[in-house]
Amino acid sequence: MNKYLNQLVKLSEINKEIDAFEPRVQKIEKSISVAFEKAKNANDSVDLLDVEIKEAKLKKAKNESLLAELSEKLKSIGKKSSAIKSEKEVKALQLEEDLAKEQCDFANEEIARFEKIIELKESEKTKAKELYLELQKAAEELNISIEREREAIEEEMAAAYAKKSELVGAMSQKILSFYEKIRKWAHNSAVVPVRKQACYGCFMRINDKTNALVAGSEDIITCPHCGRILYKEAAQS
Ligand SMILES: [Zn+2]
C-alpha cells in the first residue's frame, strides 16, 4: 500500500475511534441521570404522601370540631327538654336529638376512618422514605464509580487526538483536504476496503481495471460508483 493511502487508512481509523467516544460518554451520563431520576421520583412520592396525610388530618380535625359542636347541641337539648310542656314540642325536640346523635355517630365513624388512613399513609411514607434514601445513595455511588470511567475515556480521547494531530502533521495537505471533502458526506466510511472486488462503502462491484489499480497504484483510487477512497486490506491483497 502506498504511503499516502496508508496514512489515510490510519487517519480514518483514528477518526472512527474519536467518534465512538461521544456515545460512550452519553451512555454514562444517561445511566447517571436515570439513577437520580429514580431517586427523585421516590422523593416525590414521599411529598405526595405528606400532602395526603395533611389532608386526612385536616378532615379528621373537622369531624372532631363537628363532634364538639354536636355535643354542645345535645347538652342544650337536654336543658330545653326540662322546660317544655306540649307533646308537639317534645316530639320536635326528640327529632332534633335523634338527628344530632346520628350526626355524632357519623362523625365518630369518619374520625376512625381518617385515623386508619393516616396510619396507613404514615407507614407508606416510612417505606417510601427508605426507598428514596436507598436510591439516592445508589445514584451517588454510581456517580462516583462512573467518574473513574469518565476519566479513562478522557485519557483515551486525549491519546487519540494526539495520535491524530501527529499523523495529520505528517500528511500532505492536498490529500488531507481531498479526504475531508469526501468525509463531509461519507462520514466515517470515507476510506473503505475493497472486498470480493466490491467497494465496502456502497457495496457495488468495481471493474477489473479499478481493482488492479487499488492493488498496485501509487495514486489514491476512488470508487467509480460512490467516490469513496478505496484500499486493499493487507491480508487480502
Ligand atoms: Zn463505492
# chains A, B, ... in the order shown; residues from 1 in each chain; ligands from 1
$ closest_atom_pairs --of "chain A" --to "ligand 1" --cutoff "8 Å" --atoms "only C-alpha atoms and all ligand atoms" --output "CSV"
residue,atom,partner,partner_atom_place_in_ligand_line,distance
A:Ala198,CA,ligand 1,1 (Zn),7.7
A:Cys199,CA,ligand 1,1 (Zn),4.6
A:Tyr200,CA,ligand 1,1 (Zn),6.6
A:Gly201,CA,ligand 1,1 (Zn),5.0
A:Cys202,CA,ligand 1,1 (Zn),4.1
A:Phe203,CA,ligand 1,1 (Zn),6.1
A:Met204,CA,ligand 1,1 (Zn),5.9
A:Thr222,CA,ligand 1,1 (Zn),7.7
A:Cys223,CA,ligand 1,1 (Zn),4.6
A:Pro224,CA,ligand 1,1 (Zn),6.6
A:His225,CA,ligand 1,1 (Zn),5.0
A:Cys226,CA,ligand 1,1 (Zn),4.1
A:Gly227,CA,ligand 1,1 (Zn),6.0
A:Arg228,CA,ligand 1,1 (Zn),5.7
$ select_by_dssp --residues "region 1-221 of chain A" --states "strand (DSSP E or B)" --output "list of chain:residue names"
A:Val191, A:Val192, A:Pro193, A:Val194, A:Arg195, A:Ala198, A:Cys199, A:Arg205
$ residues_around --residues "Ala160 (chain A)" --least-positions-apart "6" --cutoff "12 Å" --atoms "only C-alpha atoms" --output "list in words"
Lys10, Leu11, Ser12, Glu13, Ile14, Asn15, Lys16, Glu17, Ile18, Asp19, Ala20, Phe21, Ile153, Glu154, Glu166 and Leu167 of chain A
$ residues_around --residues "Ala190 (chain A)" --least-positions-apart "2" --cutoff "9 Å" --atoms "only C-alpha atoms" --output "JSON, numbers by chain"
{"A": [12, 179, 180, 182, 183, 184, 185, 186, 187, 188, 192, 201, 227, 228, 229, 230]}
$ write_last_selection --atoms "all heavy atoms" --output "compact mmCIF listing (two decimals), in the first residue's frame"
# COMPACT_ATOMS: atom_id res chain seq x y z
N SER A 12 -8.44 7.50 9.05
CA SER A 12 -9.83 7.11 9.08
C SER A 12 -10.14 6.24 10.31
O SER A 12 -11.20 6.37 10.93
CB SER A 12 -10.15 6.40 7.77
OG SER A 12 -11.17 5.49 7.91
N TYR A 179 -9.60 14.08 1.34
CA TYR A 179 -10.24 13.15 2.28
C TYR A 179 -11.38 13.85 3.04
O TYR A 179 -12.48 13.31 3.17
CB TYR A 179 -9.19 12.60 3.25
CG TYR A 179 -9.73 12.00 4.52
CD1 TYR A 179 -10.35 10.75 4.52
CD2 TYR A 179 -9.62 12.68 5.74
CE1 TYR A 179 -10.84 10.19 5.69
CE2 TYR A 179 -10.10 12.12 6.91
CZ TYR A 179 -10.72 10.88 6.88
OH TYR A 179 -11.21 10.35 8.04
N GLU A 180 -11.11 15.06 3.54
CA GLU A 180 -12.12 15.78 4.32
C GLU A 180 -13.37 16.09 3.48
O GLU A 180 -14.48 16.10 3.99
CB GLU A 180 -11.55 17.08 4.91
CG GLU A 180 -10.53 16.88 6.04
CD GLU A 180 -11.08 16.15 7.27
OE1 GLU A 180 -12.32 16.02 7.40
OE2 GLU A 180 -10.26 15.69 8.09
N ILE A 182 -14.57 14.25 1.05
CA ILE A 182 -15.36 13.01 0.96
C ILE A 182 -16.03 12.71 2.32
O ILE A 182 -17.17 12.30 2.39
CB ILE A 182 -14.47 11.81 0.53
CG1 ILE A 182 -13.90 12.07 -0.86
CG2 ILE A 182 -15.26 10.50 0.55
CD1 ILE A 182 -12.85 11.08 -1.31
N ARG A 183 -15.29 13.02 3.36
CA ARG A 183 -15.78 12.72 4.71
C ARG A 183 -17.04 13.53 5.06
O ARG A 183 -17.85 13.11 5.87
CB ARG A 183 -14.67 13.01 5.72
CG ARG A 183 -14.91 12.29 7.02
CD ARG A 183 -13.72 12.35 7.94
NE ARG A 183 -14.11 11.74 9.19
CZ ARG A 183 -14.23 12.38 10.32
NH1 ARG A 183 -13.95 13.67 10.38
NH2 ARG A 183 -14.62 11.76 11.41
N LYS A 184 -17.16 14.69 4.42
CA LYS A 184 -18.34 15.54 4.68
C LYS A 184 -19.64 14.80 4.44
O LYS A 184 -20.61 14.99 5.16
CB LYS A 184 -18.28 16.79 3.80
CG LYS A 184 -17.70 17.96 4.55
CD LYS A 184 -17.76 19.23 3.77
CE LYS A 184 -16.82 20.26 4.39
NZ LYS A 184 -16.17 21.07 3.38
N TRP A 185 -19.66 13.97 3.39
CA TRP A 185 -20.89 13.22 3.15
C TRP A 185 -20.79 11.76 3.54
O TRP A 185 -21.77 11.15 3.93
CB TRP A 185 -21.33 13.36 1.69
CG TRP A 185 -20.32 12.88 0.68
CD1 TRP A 185 -19.37 13.63 0.06
CD2 TRP A 185 -20.13 11.53 0.21
NE1 TRP A 185 -18.60 12.86 -0.77
CE2 TRP A 185 -19.05 11.56 -0.70
CE3 TRP A 185 -20.76 10.31 0.46
CZ2 TRP A 185 -18.59 10.41 -1.36
CZ3 TRP A 185 -20.31 9.18 -0.20
CH2 TRP A 185 -19.24 9.23 -1.09
N ALA A 186 -19.56 11.20 3.45
CA ALA A 186 -19.42 9.77 3.73
C ALA A 186 -19.12 9.49 5.21
O ALA A 186 -19.13 8.35 5.64
CB ALA A 186 -18.33 9.18 2.86
N HIS A 187 -18.85 10.57 5.95
CA HIS A 187 -18.51 10.47 7.38
C HIS A 187 -17.38 9.46 7.60
O HIS A 187 -16.37 9.56 6.92
CB HIS A 187 -19.76 10.16 8.21
CG HIS A 187 -20.86 11.13 7.90
ND1 HIS A 187 -20.81 12.44 8.29
CD2 HIS A 187 -21.99 10.98 7.18
CE1 HIS A 187 -21.88 13.07 7.83
NE2 HIS A 187 -22.62 12.20 7.17
N ASN A 188 -17.61 8.48 8.48
CA ASN A 188 -16.50 7.56 8.78
C ASN A 188 -16.32 6.44 7.78
O ASN A 188 -15.54 5.53 8.01
CB ASN A 188 -16.66 7.02 10.20
CG ASN A 188 -16.14 8.03 11.21
OD1 ASN A 188 -15.23 8.81 10.90
ND2 ASN A 188 -16.73 8.05 12.38
N VAL A 192 -12.59 3.13 2.49
CA VAL A 192 -13.16 1.78 2.69
C VAL A 192 -12.35 0.72 1.96
O VAL A 192 -11.74 0.99 0.91
CB VAL A 192 -14.64 1.72 2.22
CG1 VAL A 192 -15.54 2.54 3.13
CG2 VAL A 192 -14.77 2.17 0.78
N GLY A 201 -18.07 0.60 0.77
CA GLY A 201 -18.84 1.78 1.18
C GLY A 201 -20.21 1.73 0.54
O GLY A 201 -21.23 1.91 1.20
N GLY A 227 -17.40 7.31 -5.05
CA GLY A 227 -16.36 8.30 -4.84
C GLY A 227 -15.55 8.15 -3.56
O GLY A 227 -14.70 8.97 -3.26
N ARG A 228 -15.83 7.08 -2.81
CA ARG A 228 -15.04 6.87 -1.59
C ARG A 228 -13.62 6.40 -1.96
O ARG A 228 -13.42 5.79 -3.03
CB ARG A 228 -15.70 5.81 -0.70
CG ARG A 228 -16.97 6.29 -0.02
CD ARG A 228 -17.55 5.16 0.82
NE ARG A 228 -18.70 5.57 1.60
CZ ARG A 228 -19.96 5.51 1.17
NH1 ARG A 228 -20.22 5.10 -0.05
NH2 ARG A 228 -20.95 5.89 1.95
N ILE A 229 -12.69 6.66 -1.04
CA ILE A 229 -11.30 6.24 -1.26
C ILE A 229 -11.20 4.73 -0.98
O ILE A 229 -11.69 4.25 0.05
CB ILE A 229 -10.33 7.02 -0.34
CG1 ILE A 229 -10.39 8.52 -0.71
CG2 ILE A 229 -8.91 6.48 -0.43
CD1 ILE A 229 -9.81 9.44 0.33
N LEU A 230 -10.58 4.00 -1.91
CA LEU A 230 -10.51 2.54 -1.78
C LEU A 230 -9.12 2.08 -1.40
O LEU A 230 -8.12 2.69 -1.77
CB LEU A 230 -10.92 1.90 -3.11
CG LEU A 230 -12.33 2.16 -3.61
CD1 LEU A 230 -12.49 1.58 -5.02
CD2 LEU A 230 -13.38 1.59 -2.66
$ residues_around --residues "region 59-75 of chain A" --least-positions-apart "6" --cutoff "12 Å" --atoms "only C-alpha atoms" --output "PyMOL selection string"
chain A and resi 52-53+81-82+93-118
$ write_last_selection --atoms "N, CA, C and O atoms" --output "compact mmCIF listing (two decimals), in the first residue's frame"
# COMPACT_ATOMS: atom_id res chain seq x y z
N GLU A 52 -51.15 13.98 51.39
CA GLU A 52 -52.33 13.16 51.69
C GLU A 52 -52.55 13.02 53.19
O GLU A 52 -53.69 13.03 53.67
N ILE A 53 -51.46 12.89 53.93
CA ILE A 53 -51.56 12.79 55.40
C ILE A 53 -52.13 14.09 55.97
O ILE A 53 -53.02 14.07 56.82
N SER A 81 -85.35 20.34 77.24
CA SER A 81 -86.39 19.32 77.42
C SER A 81 -87.06 19.41 78.79
O SER A 81 -88.23 19.06 78.94
N SER A 82 -86.31 19.92 79.77
CA SER A 82 -86.92 20.03 81.10
C SER A 82 -87.90 21.20 81.16
O SER A 82 -88.79 21.24 82.02
N LEU A 93 -88.30 18.18 69.68
CA LEU A 93 -87.01 18.14 70.36
C LEU A 93 -86.37 16.74 70.25
O LEU A 93 -85.16 16.59 70.06
N GLN A 94 -87.26 15.74 70.35
CA GLN A 94 -86.80 14.35 70.22
C GLN A 94 -86.17 14.11 68.85
O GLN A 94 -85.10 13.50 68.74
N LEU A 95 -86.86 14.66 67.83
CA LEU A 95 -86.34 14.53 66.45
C LEU A 95 -84.96 15.18 66.33
O LEU A 95 -84.04 14.63 65.73
N GLU A 96 -84.89 16.38 66.92
CA GLU A 96 -83.63 17.14 66.86
C GLU A 96 -82.51 16.35 67.56
O GLU A 96 -81.38 16.28 67.06
N GLU A 97 -82.84 15.75 68.67
CA GLU A 97 -81.87 14.97 69.43
C GLU A 97 -81.41 13.73 68.63
O GLU A 97 -80.21 13.44 68.55
N ASP A 98 -82.39 13.03 68.03
CA ASP A 98 -82.03 11.85 67.22
C ASP A 98 -81.09 12.20 66.07
O ASP A 98 -80.12 11.49 65.81
N LEU A 99 -81.43 13.32 65.44
CA LEU A 99 -80.61 13.77 64.31
C LEU A 99 -79.17 14.07 64.77
O LEU A 99 -78.20 13.63 64.15
N ALA A 100 -79.06 14.79 65.89
CA ALA A 100 -77.74 15.15 66.42
C ALA A 100 -76.96 13.89 66.79
O ALA A 100 -75.75 13.79 66.54
N LYS A 101 -77.63 12.91 67.35
CA LYS A 101 -76.95 11.66 67.73
C LYS A 101 -76.46 10.90 66.49
O LYS A 101 -75.36 10.34 66.48
N GLU A 102 -77.32 10.91 65.46
CA GLU A 102 -76.92 10.27 64.20
C GLU A 102 -75.67 10.94 63.63
O GLU A 102 -74.74 10.28 63.18
N GLN A 103 -75.71 12.27 63.70
CA GLN A 103 -74.56 13.03 63.17
C GLN A 103 -73.29 12.72 63.98
O GLN A 103 -72.20 12.66 63.45
N CYS A 104 -73.49 12.55 65.30
CA CYS A 104 -72.36 12.18 66.17
C CYS A 104 -71.78 10.84 65.75
O CYS A 104 -70.55 10.69 65.62
N ASP A 105 -72.66 9.87 65.50
CA ASP A 105 -72.19 8.55 65.08
C ASP A 105 -71.38 8.65 63.80
O ASP A 105 -70.32 8.06 63.67
N PHE A 106 -71.95 9.42 62.88
CA PHE A 106 -71.28 9.56 61.59
C PHE A 106 -69.90 10.21 61.74
O PHE A 106 -68.91 9.75 61.18
N ALA A 107 -69.87 11.29 62.57
CA ALA A 107 -68.59 11.98 62.79
C ALA A 107 -67.57 11.03 63.42
O ALA A 107 -66.39 11.01 63.03
N ASN A 108 -68.01 10.22 64.37
CA ASN A 108 -67.10 9.25 65.01
C ASN A 108 -66.58 8.23 64.01
O ASN A 108 -65.39 7.87 64.04
N GLU A 109 -67.47 7.78 63.13
CA GLU A 109 -67.04 6.83 62.10
C GLU A 109 -65.99 7.46 61.19
O GLU A 109 -64.99 6.83 60.83
N GLU A 110 -66.28 8.71 60.82
CA GLU A 110 -65.33 9.41 59.95
C GLU A 110 -63.98 9.60 60.61
O GLU A 110 -62.94 9.41 59.98
N ILE A 111 -64.00 9.95 61.90
CA ILE A 111 -62.73 10.12 62.62
C ILE A 111 -61.94 8.81 62.62
O ILE A 111 -60.74 8.79 62.31
N ALA A 112 -62.64 7.70 62.87
CA ALA A 112 -61.96 6.40 62.89
C ALA A 112 -61.42 6.07 61.50
O ALA A 112 -60.30 5.55 61.35
N ARG A 113 -62.20 6.40 60.48
CA ARG A 113 -61.78 6.13 59.11
C ARG A 113 -60.52 6.92 58.74
O ARG A 113 -59.55 6.38 58.20
N PHE A 114 -60.53 8.21 59.11
CA PHE A 114 -59.36 9.04 58.79
C PHE A 114 -58.13 8.62 59.60
O PHE A 114 -57.02 8.69 59.12
N GLU A 115 -58.36 8.15 60.83
CA GLU A 115 -57.22 7.67 61.63
C GLU A 115 -56.55 6.49 60.93
O GLU A 115 -55.32 6.40 60.89
N LYS A 116 -57.39 5.61 60.38
CA LYS A 116 -56.83 4.45 59.67
C LYS A 116 -56.04 4.90 58.44
O LYS A 116 -54.96 4.38 58.16
N ILE A 117 -56.63 5.85 57.73
CA ILE A 117 -55.95 6.37 56.53
C ILE A 117 -54.60 6.97 56.91
O ILE A 117 -53.57 6.70 56.28
N ILE A 118 -54.61 7.78 57.98
CA ILE A 118 -53.36 8.43 58.42
C ILE A 118 -52.31 7.39 58.77
O ILE A 118 -51.16 7.46 58.34
$ closest_residue --among "A:Ile77, A:Ala212, A:Ile144, A:Ile221" --to "Val90 (chain A)" --atoms "only C-alpha atoms"
A:Ile77
$ atom_distance --atom1 "CA of Glu134 (chain A)" --atom2 "CA of Lys40 (chain A)"
11.4 Å
$ decode --residues "region 142-156 of chain A" --atoms "all heavy atoms" --output "PDB file, in the first residue's frame"
ATOM      1  N   LEU A 142     -23.054   5.348  42.077  1.00  0.00           N
ATOM      2  CA  LEU A 142     -22.887   5.158  40.634  1.00  0.00           C
ATOM      3  C   LEU A 142     -22.109   6.331  40.035  1.00  0.00           C
ATOM      4  O   LEU A 142     -21.202   6.158  39.221  1.00  0.00           O
ATOM      5  CB  LEU A 142     -24.256   5.035  39.949  1.00  0.00           C
ATOM      6  CG  LEU A 142     -24.218   4.787  38.439  1.00  0.00           C
ATOM      7  CD1 LEU A 142     -23.721   3.381  38.147  1.00  0.00           C
ATOM      8  CD2 LEU A 142     -25.587   4.981  37.808  1.00  0.00           C
ATOM      9  N   ASN A 143     -22.468   7.501  40.487  1.00  0.00           N
ATOM     10  CA  ASN A 143     -21.811   8.722  40.005  1.00  0.00           C
ATOM     11  C   ASN A 143     -20.310   8.677  40.277  1.00  0.00           C
ATOM     12  O   ASN A 143     -19.503   9.028  39.417  1.00  0.00           O
ATOM     13  CB  ASN A 143     -22.454   9.934  40.681  1.00  0.00           C
ATOM     14  CG  ASN A 143     -22.134  11.210  39.943  1.00  0.00           C
ATOM     15  OD1 ASN A 143     -21.779  11.181  38.761  1.00  0.00           O
ATOM     16  ND2 ASN A 143     -22.239  12.328  40.622  1.00  0.00           N
ATOM     17  N   ILE A 144     -19.951   8.208  41.481  1.00  0.00           N
ATOM     18  CA  ILE A 144     -18.530   8.130  41.844  1.00  0.00           C
ATOM     19  C   ILE A 144     -17.822   7.060  41.016  1.00  0.00           C
ATOM     20  O   ILE A 144     -16.759   7.303  40.449  1.00  0.00           O
ATOM     21  CB  ILE A 144     -18.380   7.840  43.359  1.00  0.00           C
ATOM     22  CG1 ILE A 144     -18.824   9.072  44.171  1.00  0.00           C
ATOM     23  CG2 ILE A 144     -16.928   7.487  43.694  1.00  0.00           C
ATOM     24  CD1 ILE A 144     -19.022   8.803  45.642  1.00  0.00           C
ATOM     25  N   SER A 145     -18.441   5.882  40.895  1.00  0.00           N
ATOM     26  CA  SER A 145     -17.766   4.793  40.176  1.00  0.00           C
ATOM     27  C   SER A 145     -17.626   5.127  38.693  1.00  0.00           C
ATOM     28  O   SER A 145     -16.636   4.783  38.053  1.00  0.00           O
ATOM     29  CB  SER A 145     -18.516   3.479  40.370  1.00  0.00           C
ATOM     30  OG  SER A 145     -19.683   3.463  39.597  1.00  0.00           O
ATOM     31  N   ILE A 146     -18.608   5.811  38.175  1.00  0.00           N
ATOM     32  CA  ILE A 146     -18.584   6.156  36.757  1.00  0.00           C
ATOM     33  C   ILE A 146     -17.605   7.290  36.462  1.00  0.00           C
ATOM     34  O   ILE A 146     -17.068   7.405  35.366  1.00  0.00           O
ATOM     35  CB  ILE A 146     -20.029   6.451  36.284  1.00  0.00           C
ATOM     36  CG1 ILE A 146     -20.613   5.145  35.747  1.00  0.00           C
ATOM     37  CG2 ILE A 146     -20.075   7.541  35.245  1.00  0.00           C
ATOM     38  CD1 ILE A 146     -22.031   5.240  35.310  1.00  0.00           C
ATOM     39  N   GLU A 147     -17.350   8.087  37.496  1.00  0.00           N
ATOM     40  CA  GLU A 147     -16.404   9.190  37.348  1.00  0.00           C
ATOM     41  C   GLU A 147     -15.042   8.656  36.878  1.00  0.00           C
ATOM     42  O   GLU A 147     -14.391   9.238  36.020  1.00  0.00           O
ATOM     43  CB  GLU A 147     -16.267   9.923  38.686  1.00  0.00           C
ATOM     44  CG  GLU A 147     -15.533  11.239  38.623  1.00  0.00           C
ATOM     45  CD  GLU A 147     -16.091  12.199  37.573  1.00  0.00           C
ATOM     46  OE1 GLU A 147     -17.339  12.352  37.500  1.00  0.00           O
ATOM     47  OE2 GLU A 147     -15.293  12.776  36.835  1.00  0.00           O
ATOM     48  N   ARG A 148     -14.665   7.483  37.415  1.00  0.00           N
ATOM     49  CA  ARG A 148     -13.393   6.861  37.018  1.00  0.00           C
ATOM     50  C   ARG A 148     -13.439   6.451  35.543  1.00  0.00           C
ATOM     51  O   ARG A 148     -12.478   6.620  34.813  1.00  0.00           O
ATOM     52  CB  ARG A 148     -13.118   5.635  37.899  1.00  0.00           C
ATOM     53  CG  ARG A 148     -12.473   6.027  39.196  1.00  0.00           C
ATOM     54  CD  ARG A 148     -12.240   4.805  40.077  1.00  0.00           C
ATOM     55  NE  ARG A 148     -12.738   5.077  41.411  1.00  0.00           N
ATOM     56  CZ  ARG A 148     -13.636   4.356  42.052  1.00  0.00           C
ATOM     57  NH1 ARG A 148     -14.165   3.302  41.471  1.00  0.00           N
ATOM     58  NH2 ARG A 148     -14.023   4.683  43.259  1.00  0.00           N
ATOM     59  N   GLU A 149     -14.584   5.928  35.146  1.00  0.00           N
ATOM     60  CA  GLU A 149     -14.733   5.501  33.755  1.00  0.00           C
ATOM     61  C   GLU A 149     -14.647   6.714  32.828  1.00  0.00           C
ATOM     62  O   GLU A 149     -14.039   6.676  31.768  1.00  0.00           O
ATOM     63  CB  GLU A 149     -16.085   4.811  33.600  1.00  0.00           C
ATOM     64  CG  GLU A 149     -16.114   3.814  32.470  1.00  0.00           C
ATOM     65  CD  GLU A 149     -17.460   3.126  32.367  1.00  0.00           C
ATOM     66  OE1 GLU A 149     -18.037   2.760  33.411  1.00  0.00           O
ATOM     67  OE2 GLU A 149     -17.946   2.989  31.232  1.00  0.00           O
ATOM     68  N   ARG A 150     -15.265   7.802  33.303  1.00  0.00           N
ATOM     69  CA  ARG A 150     -15.255   9.026  32.506  1.00  0.00           C
ATOM     70  C   ARG A 150     -13.831   9.552  32.333  1.00  0.00           C
ATOM     71  O   ARG A 150     -13.441   9.979  31.248  1.00  0.00           O
ATOM     72  CB  ARG A 150     -16.125  10.077  33.205  1.00  0.00           C
ATOM     73  CG  ARG A 150     -16.691  11.043  32.225  1.00  0.00           C
ATOM     74  CD  ARG A 150     -17.638  12.066  32.750  1.00  0.00           C
ATOM     75  NE  ARG A 150     -18.133  11.924  34.092  1.00  0.00           N
ATOM     76  CZ  ARG A 150     -19.368  12.244  34.453  1.00  0.00           C
ATOM     77  NH1 ARG A 150     -20.207  12.682  33.577  1.00  0.00           N
ATOM     78  NH2 ARG A 150     -19.761  12.148  35.697  1.00  0.00           N
ATOM     79  N   GLU A 151     -13.072   9.482  33.412  1.00  0.00           N
ATOM     80  CA  GLU A 151     -11.669   9.918  33.344  1.00  0.00           C
ATOM     81  C   GLU A 151     -10.884   9.056  32.363  1.00  0.00           C
ATOM     82  O   GLU A 151     -10.068   9.552  31.593  1.00  0.00           O
ATOM     83  CB  GLU A 151     -11.021   9.847  34.736  1.00  0.00           C
ATOM     84  CG  GLU A 151     -11.326  11.073  35.586  1.00  0.00           C
ATOM     85  CD  GLU A 151     -10.979  10.848  37.050  1.00  0.00           C
ATOM     86  OE1 GLU A 151     -10.198   9.934  37.362  1.00  0.00           O
ATOM     87  OE2 GLU A 151     -11.522  11.594  37.888  1.00  0.00           O
ATOM     88  N   ALA A 152     -11.158   7.735  32.397  1.00  0.00           N
ATOM     89  CA  ALA A 152     -10.468   6.805  31.489  1.00  0.00           C
ATOM     90  C   ALA A 152     -10.791   7.154  30.037  1.00  0.00           C
ATOM     91  O   ALA A 152      -9.903   7.170  29.184  1.00  0.00           O
ATOM     92  CB  ALA A 152     -10.877   5.374  31.799  1.00  0.00           C
ATOM     93  N   ILE A 153     -12.057   7.454  29.778  1.00  0.00           N
ATOM     94  CA  ILE A 153     -12.451   7.829  28.411  1.00  0.00           C
ATOM     95  C   ILE A 153     -11.733   9.108  27.989  1.00  0.00           C
ATOM     96  O   ILE A 153     -11.237   9.216  26.869  1.00  0.00           O
ATOM     97  CB  ILE A 153     -13.981   7.999  28.305  1.00  0.00           C
ATOM     98  CG1 ILE A 153     -14.665   6.634  28.442  1.00  0.00           C
ATOM     99  CG2 ILE A 153     -14.374   8.646  26.979  1.00  0.00           C
ATOM    100  CD1 ILE A 153     -16.175   6.680  28.452  1.00  0.00           C
ATOM    101  N   GLU A 154     -11.661  10.057  28.912  1.00  0.00           N
ATOM    102  CA  GLU A 154     -10.990  11.324  28.587  1.00  0.00           C
ATOM    103  C   GLU A 154      -9.515  11.108  28.243  1.00  0.00           C
ATOM    104  O   GLU A 154      -8.981  11.738  27.329  1.00  0.00           O
ATOM    105  CB  GLU A 154     -11.141  12.311  29.746  1.00  0.00           C
ATOM    106  CG  GLU A 154     -12.403  13.148  29.583  1.00  0.00           C
ATOM    107  CD  GLU A 154     -12.804  13.868  30.856  1.00  0.00           C
ATOM    108  OE1 GLU A 154     -11.922  14.141  31.703  1.00  0.00           O
ATOM    109  OE2 GLU A 154     -14.013  14.155  30.993  1.00  0.00           O
ATOM    110  N   GLU A 155      -8.878  10.200  29.000  1.00  0.00           N
ATOM    111  CA  GLU A 155      -7.468   9.883  28.724  1.00  0.00           C
ATOM    112  C   GLU A 155      -7.325   9.250  27.338  1.00  0.00           C
ATOM    113  O   GLU A 155      -6.442   9.624  26.561  1.00  0.00           O
ATOM    114  CB  GLU A 155      -6.923   8.918  29.778  1.00  0.00           C
ATOM    115  CG  GLU A 155      -6.316   9.638  30.969  1.00  0.00           C
ATOM    116  CD  GLU A 155      -5.966   8.657  32.095  1.00  0.00           C
ATOM    117  OE1 GLU A 155      -5.550   7.522  31.787  1.00  0.00           O
ATOM    118  OE2 GLU A 155      -6.130   9.044  33.264  1.00  0.00           O
ATOM    119  N   GLU A 156      -8.210   8.299  27.058  1.00  0.00           N
ATOM    120  CA  GLU A 156      -8.179   7.634  25.745  1.00  0.00           C
ATOM    121  C   GLU A 156      -8.394   8.662  24.634  1.00  0.00           C
ATOM    122  O   GLU A 156      -7.762   8.618  23.583  1.00  0.00           O
ATOM    123  CB  GLU A 156      -9.294   6.589  25.646  1.00  0.00           C
ATOM    124  CG  GLU A 156      -8.973   5.275  26.317  1.00  0.00           C
ATOM    125  CD  GLU A 156     -10.165   4.328  26.259  1.00  0.00           C
ATOM    126  OE1 GLU A 156     -10.725   4.139  25.163  1.00  0.00           O
ATOM    127  OE2 GLU A 156     -10.553   3.807  27.317  1.00  0.00           O
TER     128      GLU A 156
END
